[in-house]
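Report on the following structure.
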Amino acid sequence: MNAEAAKPATPGPLAPGHVTPAGTRRKSRPRLDLRRLGRAALLGSSSARDRLPDAIGHVVEAHRAHHPDADLEPLRRAYLLAESSHRGQMRKSGEPYITHPLAVTLILAELGAETTTLTASLLHDTVEDTDVTLDQVGEEFGEEVRYLVDGVTKLEKVDYGAAAEPETFRKMLVATGNDVRVMSIKLADRLHNMRTLGVMRPAKQERIAKVTRDVLIPLAERLGVQALKTELEDLVFAILHLEEYDKTRELILRNAAREDDPLADVADDVRKVLQEADIPAEVLIRPRHFVSVHRVSRKRGPLRGADFGRLLVLVNEDADCYAVLGELHTCMTPVVSEFKDFIAVPKFNLYQSLHTAVAGDDGQVVEVLIRTHQMHKVAEAGVVALGNPYAAPPEEQSGGDGERVDPTRPGWLSRLLAWQQAAPDPDTFWSTLREDLAQDREITVFRPDGGTLGLPEGATCVDAAYAQYGEDAHACIGARVNGRLATLSTVLKDGDTVQLLMDQDAASAPSREWLDHATTPAARIAIQRWLAAHPSAEESDARSLADDVEPPRPPGTETPQPSGADDTAPGRPAAAQVLADRDGATVRLAGCCTPVPPDEVTGFAVRGGAVTVHRTECPAVVRMKSAGRTEVGVRWGEGAECRVTLVAESFVRPHLLADLTEAMATEGAEIVSATVEPPDRQQVRHTYTVQLPDAAQLPALMRAMRNVAGVYDVSRAQPQAPGV
């Protein structure tokens, strides 16, 4: 926690933006000004940016603005303990160390955090950097504060070495799963460290900025703490992309010096429209932060005055939001394509608002955000605005069984906590965490039973299978999306209904190709673990060929008798279905060519007196014959059940996959796995592994598949030489 926070290149002064409120704000709704303070820190003078509170009074004042009846005694005692324990310690900037926990606590107080969070924030470095112990914190301030302090305390490099940072984050995330306030304190801690990071070496600034970009900023976004997220983005931007940051800063300064302000003109028009409609509302101008301006400039090219900010309309009730929207679209020129309703369908990070845009008289398009005061508080502070979510809830927040509904444990956090347990080592956890957090949009898909699955955008049916069934998803053989058969590689969209088709065969297993379609860590880790524990088909075939070399036996040695154990590989026909011309020999089918009736087959003796059966055209047969091996006569028994791989080649047409699989099902074939390759010149190749109750049905199955419109060939998968 004692890393210095960020001090990017010192920008020059900038006059305040034109913000004109519509009326007097009620004292019960204090304005969150953390965004303004962060903007001033980037655009203001160096002395203003580095100024820190030197007494607990600053925190108390901010805290009382949100919680006028709060008990301040824990804050007083926490400050006294923090000040005395950190006394004599200095930051690398030369300031007394106590300024850091005070600044972190002030950030949280401005966001509206409750007293327990602020108490823990004042103490968050005491256990890590002083002689204060967790037990002392617990005895003095209670178990909640002890848990929060423990959650943000780093693990020692002496004990963990290079794994200290990833394991610290793992510990912090697990703690966040039980109490989201842990991450709130960490985010505020990183923000203050980023504000004063300028005293660090450039290499260390860059390393800390990259971790902030890859881990902390996505977590701030997912927890809905936009006020922290936007300032962290700007600070990282100033360190990692200094040249583009300077250009963006120059654009902002040049726009601020303009005499005309199209945003102010449109804001006046909006106020007039709402006053005439008798809708109480505040209309404010929200300047875009640095990264937002940079993104807009890359998207739209040269910027106009209206591109440097957006209008924010604040009302009292949800219904007023839609009333404002109706008036704006009636009395002004709306840009309908820009409309989004995040009130009816909130974002996964609690965000609610109406988004629209209107065109001004000069043709400039002005974006407008419409929300209630409470929505605005949550939009800025996210989970911090919920206060203490672990206090006794009101009746309406309890489930029917009396259990508390926890709004701070979203689906993405539950998924993250689930897969991190399976991450085998710190490096895998660290890299997978960054990949997971990079997927910052979420979709909801529906199960046939009415339940839902929360998945990241871009997730496939493979991801849905592991999200619903865990490692039991190894047995998934297909899916229906919105009632139609679909491959497991199908990318799901928000609102899709997904029915996962599961094989009843306990030997069913994931394919290595599934890794190409899995996007969630839970799916990828589960598949990788299974593949690591089970050799690939190529490796199995190579071992099978090696086993097919029977070592010479000393003269007089009898052929070992079979043990009676079933030596058949899972999913292959039973050995009893093949008869060998060697009494008492155990018979097994070769994995390299997977023979099935009525294939022409031959056999060879292998270790242990067993006989392995190959298709006569298998390349392994040629190698064994050339090595001088003696063949063993084999023949099929009656009524042999079989599993076979078929390749269908067809032209591309709608609903082909559904028609083909329906024809296979009609012939009694159970599809074990299916792969559909990407189309090439309007042709597509399907590969199916199917289970048939009787091998005699195979010709009829292949005929039925060829009769499907668009299919021009169906054949058995050709055997390959081991290692090919």
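Letters A, B, ... mark the chains of the structure tokens in the order given; residue numbers begin at 1 per chain; ligand numbers begin at 1, in order shown.
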Exercise. Excluding same-chain residues fewer than 2 positions from Cys331 of chain A, what lies within 12 Å of it counting only C-alpha atoms, as a PyMOL selection string?
Worked result: chain A and resi 269-274+276-277+324-329+333-334+358-360
Create the file for the chosen residues now, containing N, CA, C and O atoms and written as an mmCIF file, in the first residue's frame.
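Printed below is selection-v6.cif as written:
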data_model
loop_
_atom_site.group_PDB
_atom_site.id
_atom_site.type_symbol
_atom_site.label_atom_id
_atom_site.label_comp_id
_atom_site.auth_asym_id
_atom_site.auth_seq_id
_atom_site.Cartn_x
_atom_site.Cartn_y
_atom_site.Cartn_z
ATOM 1 N N ASP A 269 -31.606 25.423 -23.662
ATOM 2 C CA ASP A 269 -32.809 24.998 -24.392
ATOM 3 C C ASP A 269 -33.508 23.855 -23.659
ATOM 4 O O ASP A 269 -34.743 23.819 -23.566
ATOM 5 N N VAL A 270 -32.726 22.913 -23.132
ATOM 6 C CA VAL A 270 -33.313 21.786 -22.409
ATOM 7 C C VAL A 270 -34.017 22.277 -21.146
ATOM 8 O O VAL A 270 -35.129 21.828 -20.819
ATOM 9 N N ARG A 271 -33.390 23.206 -20.429
ATOM 10 C CA ARG A 271 -34.035 23.745 -19.213
ATOM 11 C C ARG A 271 -35.371 24.392 -19.551
ATOM 12 O O ARG A 271 -36.366 24.216 -18.833
ATOM 13 N N LYS A 272 -35.381 25.125 -20.635
ATOM 14 C CA LYS A 272 -36.619 25.815 -21.035
ATOM 15 C C LYS A 272 -37.714 24.809 -21.363
ATOM 16 O O LYS A 272 -38.867 24.954 -20.933
ATOM 17 N N VAL A 273 -37.355 23.751 -22.097
ATOM 18 C CA VAL A 273 -38.335 22.721 -22.460
ATOM 19 C C VAL A 273 -38.912 22.060 -21.211
ATOM 20 O O VAL A 273 -40.127 21.854 -21.091
ATOM 21 N N LEU A 274 -38.057 21.740 -20.241
ATOM 22 C CA LEU A 274 -38.516 21.036 -19.048
ATOM 23 C C LEU A 274 -39.305 21.953 -18.119
ATOM 24 O O LEU A 274 -40.242 21.507 -17.450
ATOM 25 N N GLU A 276 -41.219 24.413 -19.142
ATOM 26 C CA GLU A 276 -42.538 24.557 -19.761
ATOM 27 C C GLU A 276 -43.386 23.303 -19.555
ATOM 28 O O GLU A 276 -44.615 23.376 -19.473
ATOM 29 N N ALA A 277 -42.712 22.154 -19.444
ATOM 30 C CA ALA A 277 -43.439 20.902 -19.205
ATOM 31 C C ALA A 277 -43.685 20.663 -17.726
ATOM 32 O O ALA A 277 -44.277 19.647 -17.353
ATOM 33 N N VAL A 324 -38.941 13.249 -19.187
ATOM 34 C CA VAL A 324 -37.914 14.115 -19.777
ATOM 35 C C VAL A 324 -37.580 13.635 -21.183
ATOM 36 O O VAL A 324 -37.473 14.434 -22.122
ATOM 37 N N LEU A 325 -37.419 12.324 -21.332
ATOM 38 C CA LEU A 325 -37.094 11.771 -22.646
ATOM 39 C C LEU A 325 -38.170 12.135 -23.666
ATOM 40 O O LEU A 325 -37.864 12.548 -24.795
ATOM 41 N N GLY A 326 -39.430 11.980 -23.270
ATOM 42 C CA GLY A 326 -40.520 12.303 -24.185
ATOM 43 C C GLY A 326 -40.515 13.759 -24.607
ATOM 44 O O GLY A 326 -40.729 14.080 -25.785
ATOM 45 N N GLU A 327 -40.272 14.664 -23.660
ATOM 46 C CA GLU A 327 -40.243 16.097 -23.984
ATOM 47 C C GLU A 327 -39.086 16.427 -24.925
ATOM 48 O O GLU A 327 -39.244 17.196 -25.876
ATOM 49 N N LEU A 328 -37.923 15.849 -24.657
ATOM 50 C CA LEU A 328 -36.764 16.145 -25.509
ATOM 51 C C LEU A 328 -36.986 15.637 -26.924
ATOM 52 O O LEU A 328 -36.658 16.317 -27.901
ATOM 53 N N HIS A 329 -37.552 14.441 -27.052
ATOM 54 C CA HIS A 329 -37.765 13.883 -28.385
ATOM 55 C C HIS A 329 -38.920 14.579 -29.111
ATOM 56 O O HIS A 329 -38.997 14.522 -30.343
ATOM 57 N N THR A 333 -34.715 17.874 -31.834
ATOM 58 C CA THR A 333 -34.462 16.892 -32.896
ATOM 59 C C THR A 333 -33.661 15.734 -32.331
ATOM 60 O O THR A 333 -32.455 15.865 -32.067
ATOM 61 N N PRO A 334 -34.299 14.578 -32.120
ATOM 62 C CA PRO A 334 -33.576 13.466 -31.498
ATOM 63 C C PRO A 334 -32.746 12.692 -32.522
ATOM 64 O O PRO A 334 -33.084 12.633 -33.706
ATOM 65 N N VAL A 358 -29.521 14.758 -28.960
ATOM 66 C CA VAL A 358 -30.333 15.720 -29.709
ATOM 67 C C VAL A 358 -29.401 16.575 -30.558
ATOM 68 O O VAL A 358 -28.228 16.768 -30.221
ATOM 69 N N ALA A 359 -29.923 17.058 -31.655
ATOM 70 C CA ALA A 359 -29.145 17.905 -32.553
ATOM 71 C C ALA A 359 -29.447 19.362 -32.269
ATOM 72 O O ALA A 359 -30.616 19.762 -32.157
ATOM 73 N N GLY A 360 -28.390 20.171 -32.129
ATOM 74 C CA GLY A 360 -28.561 21.597 -31.897
ATOM 75 C C GLY A 360 -28.870 22.340 -33.184
ATOM 76 O O GLY A 360 -28.882 21.763 -34.282
#
Exercise. If you run DSSP on this backbone, which residues of segment 166-400 of chain A come out as helix (DSSP H, G or I), and could you give them as number ranges by chain?
Worked result: A: 166-178, 181-195, 197-199, 202-222, 226-240, 242-256, 262-276, 290-300, 305-308, 318-331, 336-338, 373-386, 395-397
Exercise. At what distance in Å, to one decimal, does atom CA of Ala78 of chain A lie from atom CA of Asp125 of chain A?
Worked result: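 One can read the atom CA of Asp125 of chain A to atom CA of Ala78 of chain A distance as 11.8 Å.
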For this session: Have a look at A:Pro96, A:Pro619, A:Pro678, A:Pro693 and name the one nearest to Val644 of chain A; count only C-alpha atoms.
Result: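 Selected residue with least distance to Val644 of chain A: A:Pro693.
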For this session: Name all residues at most 9 Å from Ala526 of chain A (count only C-alpha atoms; drop same-chain ones fewer than 3 positions away) and give them as a list in words.
Result: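 So, after excluding close chain neighbours, the residues are Trp419, Ala422, Tyr466, Gly470, Glu471, His474, Pro521, Ala522, Ala523, Arg529, Trp530 and Leu531 of chain A.
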Write to file, as a CSV table (one decimal), in the first residue's frame, the residues of the selection just made, with C-alpha atoms.
chain,number,residue,atom,x,y,z
A,419,TRP,CA,-12.5,-20.5,-11.4
A,422,ALA,CA,-9.0,-24.3,-10.0
A,466,TYR,CA,-19.4,-25.2,-17.9
A,470,GLY,CA,-19.1,-27.3,-14.0
A,471,GLU,CA,-16.9,-30.3,-14.8
A,474,HIS,CA,-17.4,-32.7,-20.2
A,521,PRO,CA,-11.7,-19.1,-17.5
A,522,ALA,CA,-13.9,-21.6,-15.9
A,523,ALA,CA,-14.4,-23.5,-19.1
A,529,ARG,CA,-7.3,-30.0,-16.5
A,530,TRP,CA,-9.1,-32.9,-18.2
A,531,LEU,CA,-6.7,-32.9,-21.2
Problem set entry | A:Met194, A:Val634, A:Ala533, A:Cys321 ranked by distance to Ala580 of chain A, top pick (using only C-alpha atoms) |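 Of all the options, A:Val634 lies closest to Ala580 of chain A.
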Exercise. Which residues, written as number ranges by chain, have at least one atom at most 9 Å from segment 339-353 of chain A, with only C-alpha atoms counted and residues fewer than 4 positions away on the same chain left out?
Worked result: A: 221-225, 318, 321, 334-335, 357, 369-372, 375-376, 378-380, 382-383, 407, 410-412, 441-443
Problem set entry | Close residues, Thr133 of chain A itself excluded, 12 Å, only C-alpha atoms, min 4 positions apart in chain, as a list in words |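 Contacts, in chain order: Leu81, Ser85, Leu123, His124, Asp125, Thr126, Val127, Glu128, Asp129, Val137, Gly138, Glu139, Glu140, Arg146, Val149, Asp150 and Thr153 of chain A.
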Would you write out those residues with N, CA, C and O atoms, as an mmCIF file, in the first residue's frame?
data_model
loop_
_atom_site.group_PDB
_atom_site.id
_atom_site.type_symbol
_atom_site.label_atom_id
_atom_site.label_comp_id
_atom_site.auth_asym_id
_atom_site.auth_seq_id
_atom_site.Cartn_x
_atom_site.Cartn_y
_atom_site.Cartn_z
ATOM 1 N N LEU A 81 -4.951 5.817 16.318
ATOM 2 C CA LEU A 81 -4.106 4.629 16.209
ATOM 3 C C LEU A 81 -3.230 4.690 14.963
ATOM 4 O O LEU A 81 -2.033 4.383 15.003
ATOM 5 N N SER A 85 0.858 4.949 15.096
ATOM 6 C CA SER A 85 1.610 3.795 14.589
ATOM 7 C C SER A 85 2.465 4.164 13.382
ATOM 8 O O SER A 85 3.543 3.584 13.180
ATOM 9 N N LEU A 123 -6.986 2.519 8.807
ATOM 10 C CA LEU A 123 -6.076 1.526 9.394
ATOM 11 C C LEU A 123 -5.498 0.569 8.354
ATOM 12 O O LEU A 123 -4.797 -0.372 8.718
ATOM 13 N N HIS A 124 -5.750 0.799 7.061
ATOM 14 C CA HIS A 124 -5.489 -0.245 6.077
ATOM 15 C C HIS A 124 -4.010 -0.588 5.924
ATOM 16 O O HIS A 124 -3.678 -1.671 5.441
ATOM 17 N N ASP A 125 -3.102 0.299 6.304
ATOM 18 C CA ASP A 125 -1.668 0.003 6.199
ATOM 19 C C ASP A 125 -1.010 -0.303 7.537
ATOM 20 O O ASP A 125 0.196 -0.572 7.577
ATOM 21 N N THR A 126 -1.756 -0.246 8.617
ATOM 22 C CA THR A 126 -1.119 -0.397 9.934
ATOM 23 C C THR A 126 -0.552 -1.802 10.126
ATOM 24 O O THR A 126 0.573 -1.969 10.604
ATOM 25 N N VAL A 127 -1.307 -2.822 9.737
ATOM 26 C CA VAL A 127 -0.838 -4.196 9.934
ATOM 27 C C VAL A 127 0.324 -4.501 8.996
ATOM 28 O O VAL A 127 1.261 -5.222 9.350
ATOM 29 N N GLU A 128 0.271 -3.931 7.802
ATOM 30 C CA GLU A 128 1.314 -4.192 6.808
ATOM 31 C C GLU A 128 2.615 -3.470 7.117
ATOM 32 O O GLU A 128 3.704 -4.025 6.919
ATOM 33 N N ASP A 129 2.535 -2.228 7.634
ATOM 34 C CA ASP A 129 3.730 -1.380 7.741
ATOM 35 C C ASP A 129 4.122 -0.999 9.162
ATOM 36 O O ASP A 129 5.102 -0.275 9.348
ATOM 37 N N VAL A 137 -6.433 -4.933 16.023
ATOM 38 C CA VAL A 137 -7.473 -4.226 15.272
ATOM 39 C C VAL A 137 -8.843 -4.822 15.586
ATOM 40 O O VAL A 137 -9.822 -4.095 15.808
ATOM 41 N N GLY A 138 -8.931 -6.155 15.617
ATOM 42 C CA GLY A 138 -10.199 -6.802 15.911
ATOM 43 C C GLY A 138 -10.696 -6.490 17.309
ATOM 44 O O GLY A 138 -11.892 -6.239 17.517
ATOM 45 N N GLU A 139 -9.806 -6.510 18.289
ATOM 46 C CA GLU A 139 -10.205 -6.229 19.669
ATOM 47 C C GLU A 139 -10.694 -4.800 19.836
ATOM 48 O O GLU A 139 -11.643 -4.530 20.582
ATOM 49 N N GLU A 140 -10.065 -3.881 19.118
ATOM 50 C CA GLU A 140 -10.385 -2.464 19.292
ATOM 51 C C GLU A 140 -11.579 -2.016 18.455
ATOM 52 O O GLU A 140 -12.374 -1.180 18.880
ATOM 53 N N ARG A 146 -11.605 -5.677 11.219
ATOM 54 C CA ARG A 146 -10.461 -6.602 11.130
ATOM 55 C C ARG A 146 -10.455 -7.308 9.780
ATOM 56 O O ARG A 146 -9.401 -7.441 9.140
ATOM 57 N N VAL A 149 -9.381 -4.865 6.922
ATOM 58 C CA VAL A 149 -7.947 -4.573 6.968
ATOM 59 C C VAL A 149 -7.143 -5.781 6.497
ATOM 60 O O VAL A 149 -6.186 -5.653 5.730
ATOM 61 N N ASP A 150 -7.539 -6.951 6.937
ATOM 62 C CA ASP A 150 -6.843 -8.164 6.515
ATOM 63 C C ASP A 150 -6.969 -8.361 5.003
ATOM 64 O O ASP A 150 -6.019 -8.778 4.329
ATOM 65 N N THR A 153 -4.416 -6.244 3.112
ATOM 66 C CA THR A 153 -3.024 -6.347 3.545
ATOM 67 C C THR A 153 -2.251 -7.255 2.602
ATOM 68 O O THR A 153 -2.664 -8.385 2.323
#
For this session: State, in Å with one decimal place, the distance from atom CA of Asp463 of chain A to atom CA of Thr519 of chain A.
Result: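 Straight-line distance from atom CA of Asp463 of chain A to atom CA of Thr519 of chain A works out to 6.6 Å.
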For this session: For Gln364 of chain A, please output as a ChimeraX atom specification all residues within 9 Å (counting only C-alpha atoms; exclusion window: fewer than 5 positions along the same chain).
Result: /A:262,304-307,358-359
Problem set entry | Neighbour list for Ala473 of chain A as a ChimeraX atom specification, cut-off 9 Å, only C-alpha atoms, skip fewer than 3 positions in-chain | /A:462,465-470,476-477,502,509-510,523
Give me a file of those residues, with all heavy atoms, as a short mmCIF file (atom, residue, chain, number, x, y, z; two decimals), in the first residue's frame.
data_model
loop_
_atom_site.label_atom_id
_atom_site.label_comp_id
_atom_site.auth_asym_id
_atom_site.auth_seq_id
_atom_site.Cartn_x
_atom_site.Cartn_y
_atom_site.Cartn_z
N VAL A 462 -20.02 -23.73 -25.34
CA VAL A 462 -19.06 -24.40 -24.45
C VAL A 462 -19.02 -23.68 -23.11
O VAL A 462 -19.06 -24.30 -22.03
CB VAL A 462 -17.66 -24.43 -25.09
CG1 VAL A 462 -16.64 -24.95 -24.08
CG2 VAL A 462 -17.66 -25.32 -26.32
N ALA A 465 -22.11 -24.33 -21.08
CA ALA A 465 -22.14 -25.67 -20.51
C ALA A 465 -21.37 -25.72 -19.20
O ALA A 465 -21.85 -26.27 -18.19
CB ALA A 465 -21.56 -26.68 -21.51
N TYR A 466 -20.17 -25.15 -19.17
CA TYR A 466 -19.36 -25.20 -17.95
C TYR A 466 -19.91 -24.24 -16.89
O TYR A 466 -19.74 -24.49 -15.69
CB TYR A 466 -17.90 -24.90 -18.27
CG TYR A 466 -17.21 -26.09 -18.89
CD1 TYR A 466 -17.14 -26.24 -20.28
CD2 TYR A 466 -16.67 -27.10 -18.10
CE1 TYR A 466 -16.55 -27.35 -20.86
CE2 TYR A 466 -16.07 -28.21 -18.67
CZ TYR A 466 -16.02 -28.33 -20.04
OH TYR A 466 -15.43 -29.43 -20.61
N ALA A 467 -20.56 -23.16 -17.31
CA ALA A 467 -21.18 -22.27 -16.33
C ALA A 467 -22.34 -22.96 -15.63
O ALA A 467 -22.58 -22.74 -14.44
CB ALA A 467 -21.66 -20.98 -17.02
N GLN A 468 -23.07 -23.81 -16.35
CA GLN A 468 -24.24 -24.47 -15.77
C GLN A 468 -23.89 -25.76 -15.05
O GLN A 468 -24.41 -26.04 -13.97
CB GLN A 468 -25.27 -24.77 -16.86
CG GLN A 468 -26.55 -25.43 -16.33
CD GLN A 468 -27.64 -25.48 -17.36
OE1 GLN A 468 -27.57 -24.83 -18.40
NE2 GLN A 468 -28.69 -26.26 -17.10
N TYR A 469 -22.98 -26.55 -15.62
CA TYR A 469 -22.74 -27.89 -15.09
C TYR A 469 -21.37 -28.10 -14.47
O TYR A 469 -21.10 -29.17 -13.92
CB TYR A 469 -22.92 -28.93 -16.22
CG TYR A 469 -24.32 -29.04 -16.73
CD1 TYR A 469 -24.66 -28.58 -17.99
CD2 TYR A 469 -25.33 -29.59 -15.95
CE1 TYR A 469 -25.95 -28.68 -18.48
CE2 TYR A 469 -26.63 -29.70 -16.42
CZ TYR A 469 -26.93 -29.24 -17.69
OH TYR A 469 -28.22 -29.34 -18.15
N GLY A 470 -20.49 -27.11 -14.51
CA GLY A 470 -19.14 -27.32 -13.98
C GLY A 470 -18.43 -28.40 -14.79
O GLY A 470 -18.58 -28.48 -16.01
N CYS A 476 -21.10 -32.81 -22.45
CA CYS A 476 -21.98 -32.07 -23.37
C CYS A 476 -21.66 -32.47 -24.81
O CYS A 476 -20.50 -32.54 -25.22
CB CYS A 476 -21.77 -30.56 -23.18
SG CYS A 476 -22.94 -29.56 -24.12
N ILE A 477 -22.70 -32.73 -25.59
CA ILE A 477 -22.51 -33.16 -26.98
C ILE A 477 -23.16 -32.22 -27.97
O ILE A 477 -23.01 -32.41 -29.18
CB ILE A 477 -23.07 -34.58 -27.19
CG1 ILE A 477 -24.56 -34.64 -26.81
CG2 ILE A 477 -22.26 -35.59 -26.41
CD1 ILE A 477 -25.21 -35.96 -27.16
N MET A 502 -26.75 -33.33 -23.15
CA MET A 502 -25.74 -34.07 -22.40
C MET A 502 -25.77 -35.55 -22.77
O MET A 502 -26.84 -36.15 -22.90
CB MET A 502 -25.96 -33.90 -20.90
CG MET A 502 -26.10 -32.44 -20.44
SD MET A 502 -24.65 -31.44 -20.80
CE MET A 502 -23.51 -32.11 -19.59
N ALA A 509 -16.15 -37.18 -23.08
CA ALA A 509 -15.02 -36.33 -22.71
C ALA A 509 -14.96 -35.12 -23.62
O ALA A 509 -15.46 -35.14 -24.74
CB ALA A 509 -13.72 -37.14 -22.80
N PRO A 510 -14.35 -34.04 -23.16
CA PRO A 510 -14.22 -32.84 -24.00
C PRO A 510 -13.20 -33.07 -25.10
O PRO A 510 -12.29 -33.88 -24.98
CB PRO A 510 -13.74 -31.77 -23.01
CG PRO A 510 -13.03 -32.54 -21.95
CD PRO A 510 -13.77 -33.83 -21.82
N ALA A 523 -14.35 -22.47 -18.11
CA ALA A 523 -14.38 -23.50 -19.15
C ALA A 523 -12.97 -23.90 -19.55
O ALA A 523 -12.65 -25.08 -19.66
CB ALA A 523 -15.16 -22.99 -20.36
#
For this session: Find the residue from A:Thr666, A:Gln136, A:Thr616, A:Ser511 that sits nearest to Thr602 of chain A; use only C-alpha atoms when measuring.
Result: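 Closest to Thr602 of chain A, using only C-alpha atoms: A:Thr616.
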Problem set entry | Å distance separating atom CA of Val601 of chain A from atom CA of Tyr712 of chain A, one decimal place |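 Spanning atom CA of Val601 of chain A to atom CA of Tyr712 of chain A is a straight-line distance of 28.0 Å.
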